[in-house]
Amino acid sequence: MRRPHDASRRRFIKVFGGATGALIVGLPAFAWTPDRLLGQNLIRLNPYVRIEPDGTTVIGSRDPEVGQGIRTAEARILAEELDADWNKVIVEPLDLGVTAVDGEPHWTFGHQMASGSTSVPSAWNDLRTVGAAARELLVRAAAERWNTTSANLRAVRGVVIAADGRQLGYGELAGPAAKLPAATNPPATKSPSRYLLIGQDAGDVDARDIVTGVQRYAIDEWFGEVLVAVMTRCPYPGGRLAHLDDAAALKLKGVEKIMTIPTPDPSRPLGTQPLTAGVAVLAKDTWTALQAIEKLDIQWQPGPQAAQDDTALAQAAEKLLTGEPEKAVRSDGDFAETFKHARHRFDAEYRIATVAHADLEPPNALVKVDSQSALLIAPVQNPRATYETVRRLTGLAPDRIEVKLPRAGGGFGRFLESDYVAEAVMLAKAAGKPIKLMWTRASAFTHDLYRPFSIHAMRACADRHGKPTGWNHRIASTSRLQGRELRPRWWLSEMHPDDLPAGLIDNLQYAWYALDSTLPRGNYRASSHAVNAFVTECFIDEIAHGLKQDALKFRLALLGEPRKLSYRGHGGPVLDTGRLAWVLRLAADAIGWSKSHSRGHGFGLACHFTFGGYAAHALEVSMQGNRLVIHNAVCAADLGRVVNPLGARAALVGATLDALSTALRQRIIVKDGRVRQHGFKGYPLATMAQMPHAVQVILVPSQEPPAGAFDIGFPSAGPALANAIFAGTTVRVRQLPIWPELMRLL
Amino acid sequence: MQQTPQAPPTQITPQPVRNGIDVTINGKHFRHTGDPDLPLLWYLRDVLRLTGCKYGCDDESCGACSVLVDGKLKRACTLAMQDLADKDITTVEGLAGADGTLHPVQQAWIDEDAILCGYCQPGQLMAAVDLIARKPNPTDKDIDGIGNLCRCGSYPRIRRAIKRAAKTMQGKSR
């Protein structure tokens, strides 16, 4: 255990919350404003650090925890600069930090979002300063006590030590330090050579709460007087309610109200998508509401758009790809001419199925709204956007809306949206009572905001030396921004102009085709990298095989001499081909690539640059009858400096397994305009038995700034699997999910 | 409204036995007097507020609501209260000792940092406790039999934690 026992921790906050003599340090994230360092609000934990007289150090973690380990990583960054005693550190989640300035929201904690592996990079820049500022005050307080200067003192593990060996604990110094004027300049942060916590393993700070069952997710929260709401939603996108008879449902004891969420107004989407028309049962508990939903007599009218199924969508995509693209994303050299005259030509089409988020915690929201204030507890990845949804629906003043950020049971992009929050707020307003909205598992599948279907038309060519000279990648997919007034920008969610092999092949074209879909789409783990890396890395494998070249050597030759390419997207400004080549070599060495062709198993490689991090996967697989066995899995990653290696390894292993599970079997099936899956039985997440027993993780030691980890280990795992399957079976699967197609082809 | 006159009772019958379903949960006795069809999941979560038992699905497919009923692993989402009369139920909140001493399985989870988002972990812990009770020295194949779902990809660390816990528990029983 790295912190005091849980029960005492909760009591501590309450009992000592109002005590004086505590040092509090907070900091608006993007500016050095020392006058705001000290506050007096002890009960609501709104500063980042609080040191109590007994030395207990409470660190506030600002970004939502969705399993990426941010609470632990942020606390480690801050505690390092504070020179805190980690055994005395308690980590508490911060709420969304917002105040009102001239009637508009003003964000007091800076970055508060779980998306795109951005939390650690932002924290790295902000929280070291916060920790150093607190340490500076404590050391200065000790200097005043001993009539010396700060330069003669040092801080180690929660204690300030003088040259003659005298010591004062942070707990004793907290009171005097709180009375000192803050320094006028930001204090210097540590030299990395003095790090004691950063770079060392730390277990998840919530581990004890989780294994004892007392960790509260949003779904576990409750207010008095709350009504549980369960909804049934129109199965047709854009459809409306045609008939409702709720008499039988209302007869059920414990049912309080039955309400409708009206037909959506597409011109006023909440979040990025309009809401779905629906009927809500408000009852005294979940079970009653679930039963009442079954007793509703409902008919739905399909929307104006024709019912679309997977076949129609695929046909529409094929047709689009014969015409002109919506956006020429990148065009280097002359691909058409090069292709025409090339010695070797390659042509392939890849198909990517729609997938759902399938977070284990379904969407839910607990909301209290009155004319004066609102309180929201929900799984949230983008607190500001969610807050704006609440503000728009309630019209409340900016500082009257409280958004709690509980640990979420997954995220993967689902909780970047706020459709479920909007529903709960609308119901709470209309009912005049606090609402606990529960999505059923069925709703989570039928009304997700999906990762979209896409078709990728690939062409490439090589000269007579087997050197790639041309590359053409065309995508037909549905933009995340479809339906919004931003059409010129729609392509941005689908393709990155600087993704490899751009910059490596002289004649290269990237183009995007706007595929209209009735199925709403949202954000998904690693965004378009998850899909485009699969296609790119599989196609590179096809080319290497076609040219009779070793897939590792071919990739290394393609990456060429280590150099920095310009990268304009998230994770830039540069992409270092040397760092990517290095992780690829590490993964290949670890799997035994050079000896791989004598063992009778299939070996596959892939690598990708995602959000500033470099990752490569190497897999060893075999087919045993109708069973795929993943014998070995390696993930090598260069994430810059790693704050918490134990957490980073967990994130990379997790991303690897999630990517394999998604690539193997996950797909949403749409027939007659309706999503056909209603549970995990129709949408099989991989089980323990289907996944590798271990994933060997290799972290490259690095002095570069940290890049996060959570998404970075995802994109290259799927293609490494498909490439390994090809090596083991000679069957090239050009589809996601892999499994149904592999079974068809074998 | 006119009332039908009632004749006085000709004999006194003893009070009928009080309705209700008696269950023991984590060593404490409870009597459920509501809907006998109420699934244990919602009894735990909405009535007793024992929220360690998680809602993940309604058809036993995810395992987030795993509990022990008379020592046997069950999914609480489809277990009606009427089938639980006089049963002894253990949830994740009941694994640790009254003094806060962790169960070896819980300790192993912390030691291996088998967490990620953590939402499925209470169910995974219950499945592990059940497995080790049946197979004190579980093989990889035995561990593969656990069908609880985790989207985050914590399986390799769960596997290690189960082996670690089994080792600890074997040491203790000797």
# chains A, B, ... in the order shown; residues from 1 in each chain; ligands from 1

$ interface_residues --of "chain B" --to "chain A" --cutoff "7 Å" --atoms "only C-alpha atoms" --output "ChimeraX atom specification"
/B:38,42,46,51-52,56-57,61,92-93,106,110,113,115-122,144-147,149,151-156

$ write_last_selection --atoms "C-alpha atoms" --output "CSV table (one decimal), in the first residue's frame"
chain,number,residue,atom,x,y,z
B,38,LEU,CA,-35.8,-9.0,-8.6
B,42,TRP,CA,-30.3,-4.9,-8.5
B,46,ASP,CA,-30.2,-0.4,-5.7
B,51,THR,CA,-22.0,-1.4,-5.8
B,52,GLY,CA,-19.0,-3.6,-6.2
B,56,GLY,CA,-22.3,-4.9,-17.6
B,57,CYS,CA,-25.0,-6.8,-19.4
B,61,SER,CA,-22.2,-12.7,-21.0
B,92,VAL,CA,-16.4,-8.5,-3.7
B,93,GLU,CA,-17.0,-6.3,-0.6
B,106,GLN,CA,-7.1,-9.0,-3.7
B,110,ILE,CA,-2.5,-5.1,-6.2
B,113,ASP,CA,-1.3,-4.1,-10.7
B,115,ILE,CA,-6.3,-2.9,-12.8
B,116,LEU,CA,-6.6,-0.7,-16.0
B,117,CYS,CA,-10.1,0.8,-15.9
B,118,GLY,CA,-11.0,-1.6,-13.1
B,119,TYR,CA,-14.7,-1.9,-13.9
B,120,CYS,CA,-14.6,-5.6,-14.6
B,121,GLN,CA,-12.1,-6.4,-11.8
B,122,PRO,CA,-14.6,-7.1,-9.0
B,144,ASP,CA,-8.5,-19.9,-19.7
B,145,GLY,CA,-11.8,-21.2,-18.4
B,146,ILE,CA,-12.6,-17.8,-16.9
B,147,GLY,CA,-15.0,-16.1,-19.3
B,149,LEU,CA,-14.8,-10.0,-20.3
B,151,ARG,CA,-12.1,-4.7,-22.9
B,152,CYS,CA,-9.0,-2.9,-21.6
B,153,GLY,CA,-6.8,-5.9,-22.0
B,154,SER,CA,-5.9,-6.8,-18.4
B,155,TYR,CA,-5.9,-10.6,-19.0
B,156,PRO,CA,-2.1,-11.1,-18.8

$ select_by_dssp --residues "segment 74-322 of chain A" --states "alpha helix (DSSP H)" --output "VMD selection string"
chain A and resid 74 to 82 119 to 146 170 to 179 207 to 211 247 to 251 286 to 294 310 to 321

$ residues_around --residues "Cys607 of chain A" --least-positions-apart "6" --cutoff "12 Å" --atoms "only C-alpha atoms" --output "VMD selection string"
chain A and resid 499 to 501 529 to 530 532 to 538 540 to 541 551 to 552 555 to 556 559 577 579 to 588 613 to 619 634 to 638 712 to 721 723

$ write_last_selection --atoms "N, CA and C atoms" --output "compact mmCIF listing (two decimals), in the first residue's frame"
# COMPACT_ATOMS: atom_id res chain seq x y z
N ASP A 499 1.00 11.09 -42.47
CA ASP A 499 1.22 9.72 -42.02
C ASP A 499 2.09 8.98 -43.04
N LEU A 500 2.92 8.08 -42.54
CA LEU A 500 3.76 7.29 -43.43
C LEU A 500 2.88 6.39 -44.31
N PRO A 501 3.32 6.09 -45.51
CA PRO A 501 4.66 6.33 -46.06
C PRO A 501 4.85 7.69 -46.71
N HIS A 529 -6.00 6.49 -37.00
CA HIS A 529 -4.77 5.68 -37.00
C HIS A 529 -5.10 4.19 -36.88
N ALA A 530 -6.13 3.90 -36.07
CA ALA A 530 -6.47 2.50 -35.80
C ALA A 530 -6.78 1.76 -37.10
N ASN A 532 -6.25 3.20 -40.52
CA ASN A 532 -5.31 3.46 -41.62
C ASN A 532 -3.99 2.72 -41.43
N ALA A 533 -3.57 2.54 -40.18
CA ALA A 533 -2.33 1.80 -39.95
C ALA A 533 -2.52 0.33 -40.33
N PHE A 534 -3.71 -0.19 -40.10
CA PHE A 534 -3.97 -1.58 -40.47
C PHE A 534 -3.79 -1.76 -41.98
N VAL A 535 -4.43 -0.87 -42.72
CA VAL A 535 -4.39 -0.99 -44.17
C VAL A 535 -2.97 -0.77 -44.68
N THR A 536 -2.32 0.29 -44.21
CA THR A 536 -0.98 0.64 -44.69
C THR A 536 0.02 -0.47 -44.37
N GLU A 537 0.01 -0.93 -43.14
CA GLU A 537 1.01 -1.92 -42.73
C GLU A 537 0.76 -3.30 -43.33
N CYS A 538 -0.49 -3.61 -43.62
CA CYS A 538 -0.77 -4.88 -44.32
C CYS A 538 -0.36 -4.77 -45.79
N ILE A 540 1.93 -2.82 -47.07
CA ILE A 540 3.40 -2.85 -47.15
C ILE A 540 3.89 -4.30 -47.10
N ASP A 541 3.24 -5.09 -46.26
CA ASP A 541 3.59 -6.52 -46.15
C ASP A 541 3.34 -7.24 -47.49
N ALA A 551 10.16 -8.84 -44.89
CA ALA A 551 9.27 -7.76 -44.47
C ALA A 551 9.95 -6.77 -43.54
N LEU A 552 10.89 -7.24 -42.73
CA LEU A 552 11.62 -6.33 -41.83
C LEU A 552 12.59 -5.47 -42.64
N ARG A 555 10.84 -2.88 -44.72
CA ARG A 555 10.37 -1.73 -43.94
C ARG A 555 11.52 -0.82 -43.55
N LEU A 556 12.63 -1.43 -43.12
CA LEU A 556 13.76 -0.62 -42.69
C LEU A 556 14.33 0.17 -43.87
N LEU A 559 12.00 3.06 -44.49
CA LEU A 559 12.18 4.14 -43.50
C LEU A 559 13.48 4.90 -43.75
N THR A 577 12.04 9.10 -38.25
CA THR A 577 12.01 7.75 -38.86
C THR A 577 12.97 6.81 -38.13
N ARG A 579 13.51 6.70 -34.87
CA ARG A 579 12.86 6.15 -33.66
C ARG A 579 11.88 5.05 -34.04
N LEU A 580 11.20 5.22 -35.17
CA LEU A 580 10.25 4.18 -35.60
C LEU A 580 11.01 2.93 -36.04
N ALA A 581 12.10 3.12 -36.77
CA ALA A 581 12.90 1.97 -37.21
C ALA A 581 13.46 1.22 -35.99
N TRP A 582 13.82 1.96 -34.97
CA TRP A 582 14.42 1.33 -33.80
C TRP A 582 13.42 0.43 -33.06
N VAL A 583 12.19 0.92 -32.86
CA VAL A 583 11.21 0.06 -32.17
C VAL A 583 10.87 -1.16 -33.03
N LEU A 584 10.88 -0.97 -34.34
CA LEU A 584 10.61 -2.10 -35.24
C LEU A 584 11.70 -3.17 -35.09
N ARG A 585 12.94 -2.73 -35.07
CA ARG A 585 14.05 -3.68 -34.88
C ARG A 585 13.94 -4.39 -33.54
N LEU A 586 13.62 -3.62 -32.49
CA LEU A 586 13.52 -4.22 -31.16
C LEU A 586 12.44 -5.30 -31.12
N ALA A 587 11.29 -4.99 -31.71
CA ALA A 587 10.19 -5.96 -31.70
C ALA A 587 10.57 -7.19 -32.50
N ALA A 588 11.21 -6.97 -33.66
CA ALA A 588 11.59 -8.09 -34.52
C ALA A 588 12.63 -8.98 -33.83
N GLY A 613 4.06 9.16 -30.31
CA GLY A 613 4.72 7.96 -29.81
C GLY A 613 4.98 6.98 -30.95
N TYR A 614 5.99 6.15 -30.76
CA TYR A 614 6.39 5.19 -31.79
C TYR A 614 6.16 3.78 -31.24
N ALA A 615 5.47 2.94 -32.00
CA ALA A 615 5.23 1.59 -31.52
C ALA A 615 5.38 0.59 -32.66
N ALA A 616 5.84 -0.59 -32.30
CA ALA A 616 5.91 -1.68 -33.25
C ALA A 616 5.43 -2.95 -32.56
N HIS A 617 4.78 -3.80 -33.34
CA HIS A 617 4.34 -5.09 -32.82
C HIS A 617 4.95 -6.22 -33.63
N ALA A 618 5.25 -7.31 -32.94
CA ALA A 618 5.67 -8.53 -33.60
C ALA A 618 4.88 -9.67 -32.98
N LEU A 619 4.28 -10.50 -33.84
CA LEU A 619 3.44 -11.60 -33.34
C LEU A 619 3.87 -12.92 -33.96
N VAL A 634 4.90 -9.22 -28.98
CA VAL A 634 5.85 -8.22 -28.50
C VAL A 634 5.36 -6.85 -28.91
N CYS A 635 5.45 -5.91 -27.98
CA CYS A 635 5.18 -4.52 -28.31
C CYS A 635 6.40 -3.71 -27.88
N ALA A 636 7.07 -3.09 -28.83
CA ALA A 636 8.19 -2.19 -28.50
C ALA A 636 7.72 -0.77 -28.73
N ALA A 637 8.01 0.10 -27.79
CA ALA A 637 7.50 1.47 -27.92
C ALA A 637 8.51 2.48 -27.43
N ASP A 638 8.54 3.59 -28.13
CA ASP A 638 9.30 4.75 -27.71
C ASP A 638 8.28 5.84 -27.40
N ILE A 712 -1.23 4.71 -28.23
CA ILE A 712 -0.06 4.49 -29.07
C ILE A 712 0.19 3.00 -29.34
N GLY A 713 -0.18 2.16 -28.41
CA GLY A 713 0.04 0.73 -28.59
C GLY A 713 -1.06 0.04 -29.38
N PHE A 714 -2.03 0.78 -29.88
CA PHE A 714 -3.18 0.16 -30.55
C PHE A 714 -2.97 -0.07 -32.05
N PRO A 715 -2.60 0.96 -32.83
CA PRO A 715 -2.70 0.82 -34.30
C PRO A 715 -1.87 -0.30 -34.92
N SER A 716 -0.66 -0.59 -34.41
CA SER A 716 0.18 -1.56 -35.10
C SER A 716 -0.11 -3.02 -34.71
N ALA A 717 -0.92 -3.26 -33.70
CA ALA A 717 -1.16 -4.64 -33.27
C ALA A 717 -2.00 -5.42 -34.28
N GLY A 718 -3.06 -4.80 -34.79
CA GLY A 718 -3.95 -5.49 -35.74
C GLY A 718 -3.23 -5.91 -37.02
N PRO A 719 -2.51 -4.99 -37.67
CA PRO A 719 -1.80 -5.39 -38.89
C PRO A 719 -0.71 -6.43 -38.62
N ALA A 720 -0.05 -6.36 -37.46
CA ALA A 720 0.97 -7.38 -37.16
C ALA A 720 0.30 -8.76 -37.10
N LEU A 721 -0.93 -8.79 -36.58
CA LEU A 721 -1.67 -10.05 -36.51
C LEU A 721 -2.02 -10.56 -37.91
N ASN A 723 -0.57 -9.85 -40.68
CA ASN A 723 0.66 -10.23 -41.37
C ASN A 723 1.19 -11.57 -40.87

$ atom_distance --atom1 "atom CA of Phe554 of chain A" --atom2 "atom CA of Asn472 of chain A"
18.1 Å

$ residues_around --residues "Arg166 of chain A" --least-positions-apart "5" --cutoff "12 Å" --atoms "only C-alpha atoms" --output "list in words"
Ala142, Ala143, Arg145, Trp146, Asn152, Leu153, Arg154, Ala155, Val159, Val160 and Ile161 of chain A

$ write_last_selection --atoms "C-alpha atoms" --output "tab-separated table (two decimals), in the first residue's frame"
chain	number	residue	atom	x	y	z
A	142	ALA	CA	12.32	26.19	6.71
A	143	ALA	CA	14.93	28.81	5.82
A	145	ARG	CA	12.72	29.15	10.76
A	146	TRP	CA	16.44	28.48	10.81
A	152	ASN	CA	21.57	26.04	2.02
A	153	LEU	CA	18.68	23.59	2.30
A	154	ARG	CA	17.45	20.61	0.39
A	155	ALA	CA	14.16	18.75	0.29
A	159	VAL	CA	11.52	16.60	4.71
A	160	VAL	CA	13.63	19.76	4.46
A	161	ILE	CA	17.21	19.13	5.58

$ residues_around --residues "Ala462 of chain A" --least-positions-apart "3" --cutoff "10 Å" --atoms "only C-alpha atoms" --output "number ranges by chain"
A: 338-339, 341-346, 465-471, 505, 543, 547

$ write_last_selection --atoms "N, CA and C atoms" --output "PDB file, in the first residue's frame"
ATOM      1  N   THR A 338       3.988   7.317 -62.827  1.00  0.00           N
ATOM      2  CA  THR A 338       4.929   6.361 -62.249  1.00  0.00           C
ATOM      3  C   THR A 338       4.348   4.948 -62.261  1.00  0.00           C
ATOM      4  N   PHE A 339       3.087   4.862 -61.875  1.00  0.00           N
ATOM      5  CA  PHE A 339       2.415   3.562 -61.793  1.00  0.00           C
ATOM      6  C   PHE A 339       2.348   2.906 -63.176  1.00  0.00           C
ATOM      7  N   HIS A 341       4.283   3.111 -65.681  1.00  0.00           N
ATOM      8  CA  HIS A 341       5.534   2.608 -66.233  1.00  0.00           C
ATOM      9  C   HIS A 341       6.316   1.717 -65.281  1.00  0.00           C
ATOM     10  N   ALA A 342       5.750   1.434 -64.141  1.00  0.00           N
ATOM     11  CA  ALA A 342       6.531   0.725 -63.119  1.00  0.00           C
ATOM     12  C   ALA A 342       6.730  -0.749 -63.480  1.00  0.00           C
ATOM     13  N   ARG A 343       7.817  -1.329 -63.004  1.00  0.00           N
ATOM     14  CA  ARG A 343       8.101  -2.743 -63.212  1.00  0.00           C
ATOM     15  C   ARG A 343       7.125  -3.606 -62.410  1.00  0.00           C
ATOM     16  N   HIS A 344       6.915  -3.229 -61.136  1.00  0.00           N
ATOM     17  CA  HIS A 344       6.017  -4.013 -60.266  1.00  0.00           C
ATOM     18  C   HIS A 344       4.836  -3.149 -59.847  1.00  0.00           C
ATOM     19  N   ARG A 345       3.629  -3.726 -59.986  1.00  0.00           N
ATOM     20  CA  ARG A 345       2.442  -2.969 -59.566  1.00  0.00           C
ATOM     21  C   ARG A 345       1.640  -3.794 -58.563  1.00  0.00           C
ATOM     22  N   PHE A 346       1.041  -3.084 -57.636  1.00  0.00           N
ATOM     23  CA  PHE A 346       0.225  -3.737 -56.585  1.00  0.00           C
ATOM     24  C   PHE A 346      -1.095  -2.999 -56.459  1.00  0.00           C
ATOM     25  N   HIS A 465      14.607  -2.420 -59.103  1.00  0.00           N
ATOM     26  CA  HIS A 465      15.446  -2.794 -57.957  1.00  0.00           C
ATOM     27  C   HIS A 465      14.604  -3.187 -56.742  1.00  0.00           C
ATOM     28  N   GLY A 466      13.306  -3.167 -56.946  1.00  0.00           N
ATOM     29  CA  GLY A 466      12.433  -3.506 -55.824  1.00  0.00           C
ATOM     30  C   GLY A 466      12.262  -2.351 -54.855  1.00  0.00           C
ATOM     31  N   LYS A 467      12.512  -1.152 -55.315  1.00  0.00           N
ATOM     32  CA  LYS A 467      12.349   0.031 -54.457  1.00  0.00           C
ATOM     33  C   LYS A 467      10.982   0.650 -54.737  1.00  0.00           C
ATOM     34  N   PRO A 468      10.182   0.886 -53.699  1.00  0.00           N
ATOM     35  CA  PRO A 468       8.851   1.469 -53.926  1.00  0.00           C
ATOM     36  C   PRO A 468       8.972   2.873 -54.518  1.00  0.00           C
ATOM     37  N   THR A 469       8.225   3.113 -55.576  1.00  0.00           N
ATOM     38  CA  THR A 469       8.291   4.412 -56.240  1.00  0.00           C
ATOM     39  C   THR A 469       6.950   5.135 -56.239  1.00  0.00           C
ATOM     40  N   GLY A 470       5.871   4.391 -55.995  1.00  0.00           N
ATOM     41  CA  GLY A 470       4.567   5.033 -56.005  1.00  0.00           C
ATOM     42  C   GLY A 470       3.633   4.439 -54.948  1.00  0.00           C
ATOM     43  N   TRP A 471       2.758   5.268 -54.419  1.00  0.00           N
ATOM     44  CA  TRP A 471       1.816   4.829 -53.370  1.00  0.00           C
ATOM     45  C   TRP A 471       0.550   5.650 -53.501  1.00  0.00           C
ATOM     46  N   ILE A 505       8.088   7.858 -50.005  1.00  0.00           N
ATOM     47  CA  ILE A 505       7.903   7.426 -51.399  1.00  0.00           C
ATOM     48  C   ILE A 505       7.633   8.680 -52.232  1.00  0.00           C
ATOM     49  N   ILE A 543       3.397  -5.909 -50.409  1.00  0.00           N
ATOM     50  CA  ILE A 543       4.381  -5.473 -51.398  1.00  0.00           C
ATOM     51  C   ILE A 543       5.711  -6.188 -51.154  1.00  0.00           C
ATOM     52  N   LEU A 547       7.513  -8.606 -53.800  1.00  0.00           N
ATOM     53  CA  LEU A 547       8.864  -8.327 -54.305  1.00  0.00           C
ATOM     54  C   LEU A 547       9.878  -9.352 -53.798  1.00  0.00           C
TER      55      LEU A 547
END

$ select_by_dssp --residues "chain B" --states "strand (DSSP E)" --output "list in words"
Ile21, Asp22, Val23, Thr24, Ile25, Lys28, His29, Phe30, Arg31, His32, Ser66, Val67, Leu68, Val69, Lys72, Leu73, Lys74, Arg75, Asp88, Ile89 and Thr90 of chain B

$ write_last_selection --atoms "C-alpha atoms" --output "mmCIF file, in the first residue's frame"
data_model
loop_
_atom_site.group_PDB
_atom_site.id
_atom_site.type_symbol
_atom_site.label_atom_id
_atom_site.label_comp_id
_atom_site.auth_asym_id
_atom_site.auth_seq_id
_atom_site.Cartn_x
_atom_site.Cartn_y
_atom_site.Cartn_z
ATOM 1 C CA ILE B 21 -36.693 -14.049 1.366
ATOM 2 C CA ASP B 22 -33.901 -14.466 3.886
ATOM 3 C CA VAL B 23 -30.389 -14.218 2.537
ATOM 4 C CA THR B 24 -26.956 -13.889 4.042
ATOM 5 C CA ILE B 25 -24.717 -11.441 2.250
ATOM 6 C CA LYS B 28 -24.972 -10.308 7.366
ATOM 7 C CA HIS B 29 -28.625 -11.344 7.299
ATOM 8 C CA PHE B 30 -31.130 -9.567 5.098
ATOM 9 C CA ARG B 31 -34.795 -10.140 4.372
ATOM 10 C CA HIS B 32 -36.095 -9.160 0.962
ATOM 11 C CA SER B 66 -20.027 -12.298 -10.583
ATOM 12 C CA VAL B 67 -20.731 -13.336 -6.984
ATOM 13 C CA LEU B 68 -20.461 -16.505 -4.934
ATOM 14 C CA VAL B 69 -23.688 -18.237 -3.915
ATOM 15 C CA LYS B 72 -20.421 -21.350 -6.268
ATOM 16 C CA LEU B 73 -19.689 -18.723 -8.924
ATOM 17 C CA LYS B 74 -22.872 -17.129 -10.269
ATOM 18 C CA ARG B 75 -23.860 -14.148 -12.395
ATOM 19 C CA ASP B 88 -25.076 -17.514 1.585
ATOM 20 C CA ILE B 89 -23.816 -14.861 -0.829
ATOM 21 C CA THR B 90 -20.365 -13.328 -1.052
#

$ atom_distance --atom1 "atom CA of Ile90 of chain A" --atom2 "atom CA of Val58 of chain A"
4.7 Å

$ atom_distance --atom1 "atom CA of Pro302 of chain A" --atom2 "atom CA of Glu423 of chain A"
20.7 Å
